[in-house]
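Single-structure report; data block below.
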Amino acid sequence: MKSQNIVTTTLPALSIGQTGRVVQLHTRRPVDQRLLALGLMPGMLVRLVRTAPLGDPIEVEFQNQNVSLRKAEAESVEVELLPATPPSSGA
Amino acid sequence: MDAASPQDAHSPRIALIGNPNTGKSTLFNALTGLRQRVGNYPGVTVSKKSGALILPGGVRAELIDLPGLYSLAAASLDERVVIDVLCGHLSGTPVPDAIVCVVDSTNLLRNLFLASQVAELGIPMMLVLNQVDVSRKFGVQIDTAKLSERLGGIPVVAASAWHGEGIPEVRAAIATLLEKKTRMPRIAWHACVQEALDILRSGLERAGAHPLPVPELQRVLFDTTTPVLDRIQCDAHAVERIVAAARECIRRGGFNPFAAEPVLHYERLKHVLDGVATTRTDGAHTFTQRLDRILLNRVLGTFIFFVSMTAVFASVFWLAAIPQGWIETGIGWLGNTAEKWLEGSPILQSLVTKGVIDGVGAFMSFLPQILILFFFVAVLEDSGYMARAAFLMDKLFSWCGLNGKCFVPMLSGYACAIPSVMATRTIEDPKSRLATIFIIPFMSCSARLPVYSLMIGAFLVPKIGTLNGGLVMVAMYLLGLIVAIPTAWVFTRFILKTRSQPFVLEMPRYQVPKPRDVLLRMAQSGWEFVRRAGTIIFAITIIVWALLYFPHADEVALSTKKTFVAERAKDAGKKVEEIEAILEKATREEFIAGQVKQTGKKAEEIEAALEKATREGFIEEKAKETGKAPEEIEEALEADGGDPKKNKLAAALKQHIALAAALEAHIEPAASLEKQTEAAFVEHSYLGRFGKLLQPVFDPAGFDWKITIGVLASFPAREVIVSTLGITYSLGGEADEESDDLKKAMAESVWTSGPRIGKPIFTIPVVFGIMAFFALCSQCGATLATITKEAGWRWAVASFFYMTSLAWVIAVLCYQVGNLF
Ligand SMILES: Nc1nc2c(ncn2[C@@H]2O[C@H](COP(=O)(O)OP(=O)(O)O)[C@@H](O)[C@H]2O)c(=O)[nH]1
Ligand SMILES: [Mg+2]
């Protein structure tokens with residue numbers, strides 16, 4: 001992997017409409033277990049669709065599904081930036 | 001039929017599993033029709049639905065609808081129940097003979113993860129690829145034959161439960177499955193997982209644990225916490241060490257032990273699905289996306305949200321009042337009829353009218369609210385908007401341990417707690433759900449309104465004006481919320497020890513709700529309420545009736561009469577015997593007889609005249625006479641301030657209704673005595689005596705024995721306080737919060753003993769204390785019955801004591817602090 005020019009950030013830090021590829025996520029909390037069960041795992045593309053009017057939670061799209069989750073819980077998902085395109089199916 | 005046929009031993013049991021929202025319940029309904037039973041799993045509040053399924057060939061099978069879940073990792077109670085059912089750990093529910101896994105055909109990969117996990121259990125299984133109508137629209141093509149072949153030949157049926165498509169095929173496939181017992185092949189685990197499972201098994205065996213089947217060993221290995229460990233009775237530290245060693249083995253194989261399971265299953269499934277399903281062309285998705293752009297928009301979305309929630313609230317609050325009015329009229333008519341019928345036997349009369357009929361009325365009157373709220377809940381959920389509402393509101397609730405799904409039940413709590421507690425079923429997280437159930441009764445429901453109206457109208461408006469009175473009313477409505485929020489915070493943080501479910505919410509596709517589903521949901525919730533809570537409410541009403549009626553000693557009536565007659569005699573300067581004679585004759589019949597003698601008219605004529613001797617009767621008659629509209633007559637009556645001295649028409653009216661006034665004056669002594677007797681019976685009933693005994697408890701809040709009796713009598717339903725006060729103030733139970741007589745009687749009442757003798761009872765601090773008490777106290781048997789049903793009796797008891805003691809503390813504070821000024 002070309003490790004120098006990969007920019008990584010966290011899922012809630014994506015700007016709206018931006019797509020990222022999951023690099024890693026925590027695995028021990030129930031929320032991580034749930035995300036894994038839904039198919040959010042390293043290598044997947046995930047897009048930040050919107051934030052709620054009050055600023056939290058956020059809505060993300062991955063694997064052809066839209067899911068709402070709280071920022072604090074999404075913080076642990078580390079993504080590398082991709083151009084803003086809708087995700088096709090996972091990698 | 002052959003006597004040894006297997007269905008004689010037991011009919012086959014088939015479990016429906018699948019992710020949430022895939023259509024399990026819809027399929028369940030399509031397969032069983034209305035042959036279903038709804039209950040709870042023993043010891044937990046997860047609802048259990050089972051129904052009879054008739055297979056081709058007439059074999060009867062039992063179909064079980066299980067709660068939806070994404071994974072076998074048992075994070076929530078629902079998920080635990082599913083695993084326990086599938087493993088046969090629940091007493092009385094043996095392992096199912098076959099599993100029907102319902103899969104959303106628009107998202108096969110994610111849905112098959114659960115199937116692949118469940119395959120480890122080795123139970124015969126088939127797949128229903130549901131919602132093919134939608135996936136077809138999305139352009140997804142699925143080769144079911146190929147999928148079946150890749151999954152070891154298990155039946156795979158494409159269906160659309162909602163449209164009834166593929167249902168006969170599902171039925172036939174279930175029959176085949178029961179016969180052939182095909183199983184979905186287990187995943188070929190990576191060597192490191194195999195090794196880890198071996199380490200775990202042998203380690204636990206050596207530590208002396210119960211031997212565990214492989215699927216449960218996997219739960220111990222893969223899950224951060226698991227209920228399986230609670231069962232194996234083995235030194236926790238030893239187990240921890242063994243599990244750590246097994247996980248280390250997975251790590252050496254290059255996997256994260258907590259992610260290995262989904263990663264490996266997903267990898268397997270990608271191969272399974274390769275060439276089986278075409279990926280969707282995303283065109284059809286855009287309807288939901290476009291709608292979300294509006295409905296989740298910062299400004300427009302928030303606005304639409306508030307408009308729709310206002311509509312929900314207004315309907316539960318006002319719309320429900322209309323059928324409630326009908327029910328009340330019906331119950332009132334029934335009561336009057338029964339009263340006449342049972343004239344001869346006073347106990348039976350009172351039991352039937354005040355106990356049975358009022359008891360039925362008490363829970364019947366909740367039905368309109370339940371049906372209306374569940375209409376909206378069904379529409380909101382089925383359309384997909386509920387998840388959006390939760391998304392919009394979550395931030396407001398998350399800081400106190402709740403989540404966005406708590407909004408609708410809390411809002412409707414302002415109309416009535418009963419349907420709202422039932423509606424908490426839409427909250428998946430059991431912790432937020434319990435906390436919400438706990439705080440809903442604090443929301444100021446419509447039954448509190450009469451208490452506020454009476455107190456504010458009688459004591460505050462005369463002193464501080466209508467506007468400030470209105471502000472106090474608003475404050476009373478906020479009080480419950482002010483108490484509820486910290487309660488929820490403390491409750492979720494310190495009292496409920498279970499972990500919160502993560503708030504990960506799928507945003508479903510929008511769709512038009514099906515009227516049939518909505519009606520079914522309404523009917524089911526209404527019926528469940530009548531069946532489960534209805535009996536409790538009925539029983540409470542009867543018990544309170546008995547406590548207020550008995551012992552009903554004749555001496556009470558006799559001594560009341562004696563005092564009454566003596567008082568009247570003294571006031572009028574007449575002899576006791578004279579008063580008694582007047583009382584004897586103070587009946588309607590005697591009055592009519594007297595009129596007959598005086599005027600020479602027939603009794604029937606007098607009756608008819610009496611019937612019409614009202615303002616309405618007068619207006620009607622005049623309208624007929626003059627040919628004018630009733631409104632014009634009404635106006636003419638109001639002219640000159642309606643003063644009979646200046647207004648001729650008003651003078652005529654006065655004459656017209658003089659007969660009715662004369663009747664009233666004639667029967668007044670008997671009517672007054674009757675009301676006083678009623679008051680005396682209540683005072684001397686078991687509840688009345690208990691109230692007097694308990695008065696010292698409420699003394700620090702400034703409540704006298706009459707208020708105390710009122711408080712006690714209104715534990716089953718807080719709104720009865722007004723009629724109870726009416727009775728204890730000798731005005732009869734018909735007095736309502738608008739009654740000027742009641743307001744006057746209360747304002748004039750003074751302490752008759754003790755240090756405050758001669759001082760008024762209803763001072764401003766007492767009035768505030770009473771309102772706060774009624775705002776916070778747990779005075780609704782129906783709510784407690786509903787909480788018992790939804791969360792178990794322990795929570796109902798906790799709710800009762802918490803609310804009641806808090807109400808007492810606040811009422812005492814009002815009085816004590818108020819008296820400092
Ligand atoms: N378009 C479509 N919608 C369906 C179908 N089956 C169920 N639904 C809808 O999907 C939603 C979830 O269904 P439900 O039976 O409650 O799912 P459960 O959570 O798995 O029990 C409901 O709004 C149903 O009306 C189907 O075959 N086609
Ligand atoms: Mg269901």
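Here, A, B, ... name the chains of the structure tokens in the order displayed, residue numbers run from 1 inside each chain, and ligands are numbered from 1 in the same displayed order.
Around Ala13 of chain A, within 12 Å and counting only C-alpha atoms, the residues found are Thr8, Thr9, Gly17, Gln18, Thr19, Gly20, Arg47, Leu48, Arg50, Thr51, Ile58, Val60, Lys71, Ala72, Ala74, Glu75, Ser76, Val77, Glu78, Val79, Glu80 and Leu81 of chain A, once anything fewer than 4 positions away on its own chain is removed.
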How about saving the chosen residues, C-alpha atoms kept, as a tab-separated table (two decimals), in the first residue's frame?
chain	number	residue	atom	x	y	z
A	8	THR	CA	-7.24	9.09	7.11
A	9	THR	CA	-9.94	10.59	9.23
A	17	GLY	CA	-21.59	13.58	0.55
A	18	GLN	CA	-18.01	12.44	0.91
A	19	THR	CA	-17.09	8.78	0.60
A	20	GLY	CA	-14.37	6.99	2.51
A	47	ARG	CA	-20.55	7.69	2.55
A	48	LEU	CA	-21.69	10.37	4.97
A	50	ARG	CA	-26.20	13.94	6.27
A	51	THR	CA	-26.20	15.05	9.86
A	58	ILE	CA	-25.37	11.16	11.37
A	60	VAL	CA	-24.28	6.99	6.53
A	71	LYS	CA	-21.22	10.70	16.27
A	72	ALA	CA	-19.64	9.47	19.49
A	74	ALA	CA	-19.03	6.48	14.80
A	75	GLU	CA	-15.86	8.16	15.97
A	76	SER	CA	-14.06	4.85	16.19
A	77	VAL	CA	-14.49	4.11	12.50
A	78	GLU	CA	-11.34	5.23	10.74
A	79	VAL	CA	-11.66	5.90	7.01
A	80	GLU	CA	-9.39	6.96	4.21
A	81	LEU	CA	-10.71	9.68	1.95
Contact set, chain B to chain A: 6 Å, only C-alpha atoms, as a compact mmCIF listing (two decimals) with C-alpha atoms, in the first residue's frame:
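Result went into selection21.txt, see below:
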# COMPACT_ATOMS: atom_id res chain seq x y z
CA ARG B 110 -26.30 -8.63 4.92
CA PHE B 258 -13.88 -9.81 17.66
CA ARG B 298 -32.93 21.28 8.57
CA LEU B 392 -34.46 14.20 14.07
CA LYS B 395 -30.05 14.66 20.22
CA PRO B 502 -26.15 1.21 20.49
CA PHE B 503 -28.41 3.61 18.63
CA VAL B 504 -27.77 2.16 15.21
CA LEU B 505 -30.91 2.59 13.22
CA GLU B 506 -31.62 1.34 9.74
CA MET B 507 -33.42 3.95 7.66
Point-to-point distance from atom CA of Asp517 of chain B to atom CA of Gly325 of chain B, Å rounded to tenths: 27.6 Å
Go through chain B and flag each residue having an atom no more than 10 Å from ligand 2; for those, report the closest pair of atoms plus their distance in Å to one decimal, using only C-alpha atoms and all ligand atoms, ordered by chain and rising number, as a tab-separated table.
residue	atom	partner	partner_atom_place_in_ligand_line	distance
B:Leu16	CA	ligand 2	1 (Mg)	9.8
B:Ile17	CA	ligand 2	1 (Mg)	9.6
B:Gly18	CA	ligand 2	1 (Mg)	9.4
B:Asn19	CA	ligand 2	1 (Mg)	9.4
B:Pro20	CA	ligand 2	1 (Mg)	6.9
B:Asn21	CA	ligand 2	1 (Mg)	6.8
B:Thr22	CA	ligand 2	1 (Mg)	8.3
B:Gly23	CA	ligand 2	1 (Mg)	6.9
B:Lys24	CA	ligand 2	1 (Mg)	5.5
B:Ser25	CA	ligand 2	1 (Mg)	4.3
B:Thr26	CA	ligand 2	1 (Mg)	7.5
B:Leu27	CA	ligand 2	1 (Mg)	9.3
B:Phe28	CA	ligand 2	1 (Mg)	8.7
B:Lys49	CA	ligand 2	1 (Mg)	9.5
B:Asp65	CA	ligand 2	1 (Mg)	7.2
B:Leu66	CA	ligand 2	1 (Mg)	7.4
B:Pro67	CA	ligand 2	1 (Mg)	6.1
B:Gly68	CA	ligand 2	1 (Mg)	6.5
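Omitting Ala488 of chain B and its sequence neighbours fewer than 6 positions away, and counting only C-alpha atoms, the residues within 7 Å are Cys400, Gly401, Ala435 and Ile439 of chain B.
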Write down as a VMD selection string the residues belonging to segment 113-315 of chain B that are assigned strand (DSSP E) by DSSP computed on the backbone. chain B and resid 125 to 130 156 to 158
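Counting only C-alpha atoms and comparing B:Glu240, B:Glu668, B:Asp223, B:Glu267, the residue that lies closest to Gly43 of chain A is B:Glu267.
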Could you give me, as a list in words, the residues within 12 Å of Asp740 of chain B, counting only C-alpha atoms and dropping anything in the same chain fewer than 2 positions from it? Leu454, Met455, Gly457, Ala458, Phe459, Gly726, Leu731, Ala735, Asp736, Glu737, Glu738, Leu742, Lys743, Lys744, Ala745, Met746 and Ala747 of chain B
Write a file of the just-selected residues containing N, CA and C atoms, as a short mmCIF file (atom, residue, chain, number, x, y, z; two decimals), in the first residue's frame.
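Ended up saving to selection28.cif:
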data_model
loop_
_atom_site.label_atom_id
_atom_site.label_comp_id
_atom_site.auth_asym_id
_atom_site.auth_seq_id
_atom_site.Cartn_x
_atom_site.Cartn_y
_atom_site.Cartn_z
N LEU B 454 -60.35 22.98 38.59
CA LEU B 454 -61.09 23.23 39.83
C LEU B 454 -60.29 24.14 40.76
N MET B 455 -59.04 23.78 40.99
CA MET B 455 -58.22 24.52 41.95
C MET B 455 -57.94 25.93 41.45
N GLY B 457 -59.56 27.61 39.11
CA GLY B 457 -60.81 28.35 38.96
C GLY B 457 -61.35 28.81 40.31
N ALA B 458 -61.24 27.96 41.32
CA ALA B 458 -61.86 28.30 42.60
C ALA B 458 -61.00 29.24 43.43
N PHE B 459 -59.68 29.08 43.38
CA PHE B 459 -58.86 29.80 44.35
C PHE B 459 -57.87 30.77 43.74
N GLY B 726 -67.11 16.41 45.70
CA GLY B 726 -68.53 16.75 45.60
C GLY B 726 -69.34 15.99 46.65
N LEU B 731 -72.59 17.67 48.14
CA LEU B 731 -73.18 18.24 46.93
C LEU B 731 -73.52 17.16 45.92
N ALA B 735 -71.30 16.77 40.96
CA ALA B 735 -70.58 18.04 40.90
C ALA B 735 -69.34 17.88 40.04
N ASP B 736 -69.11 18.81 39.11
CA ASP B 736 -67.89 18.73 38.31
C ASP B 736 -67.02 19.96 38.57
N GLU B 737 -65.90 20.03 37.82
CA GLU B 737 -64.94 21.08 38.13
C GLU B 737 -65.46 22.48 37.83
N GLU B 738 -66.59 22.54 37.08
CA GLU B 738 -67.17 23.84 36.77
C GLU B 738 -68.17 24.29 37.85
N LEU B 742 -69.57 23.74 44.36
CA LEU B 742 -68.41 23.05 44.91
C LEU B 742 -67.30 24.05 45.24
N LYS B 743 -67.07 24.97 44.31
CA LYS B 743 -66.02 25.98 44.54
C LYS B 743 -66.32 26.76 45.82
N LYS B 744 -67.61 27.12 45.97
CA LYS B 744 -68.01 27.92 47.12
C LYS B 744 -67.82 27.10 48.41
N ALA B 745 -68.30 25.85 48.36
CA ALA B 745 -68.20 25.00 49.55
C ALA B 745 -66.76 24.83 49.98
N MET B 746 -65.88 24.65 48.99
CA MET B 746 -64.47 24.46 49.33
C MET B 746 -63.88 25.74 49.89
N ALA B 747 -64.22 26.86 49.27
CA ALA B 747 -63.66 28.13 49.73
C ALA B 747 -64.12 28.45 51.15
#
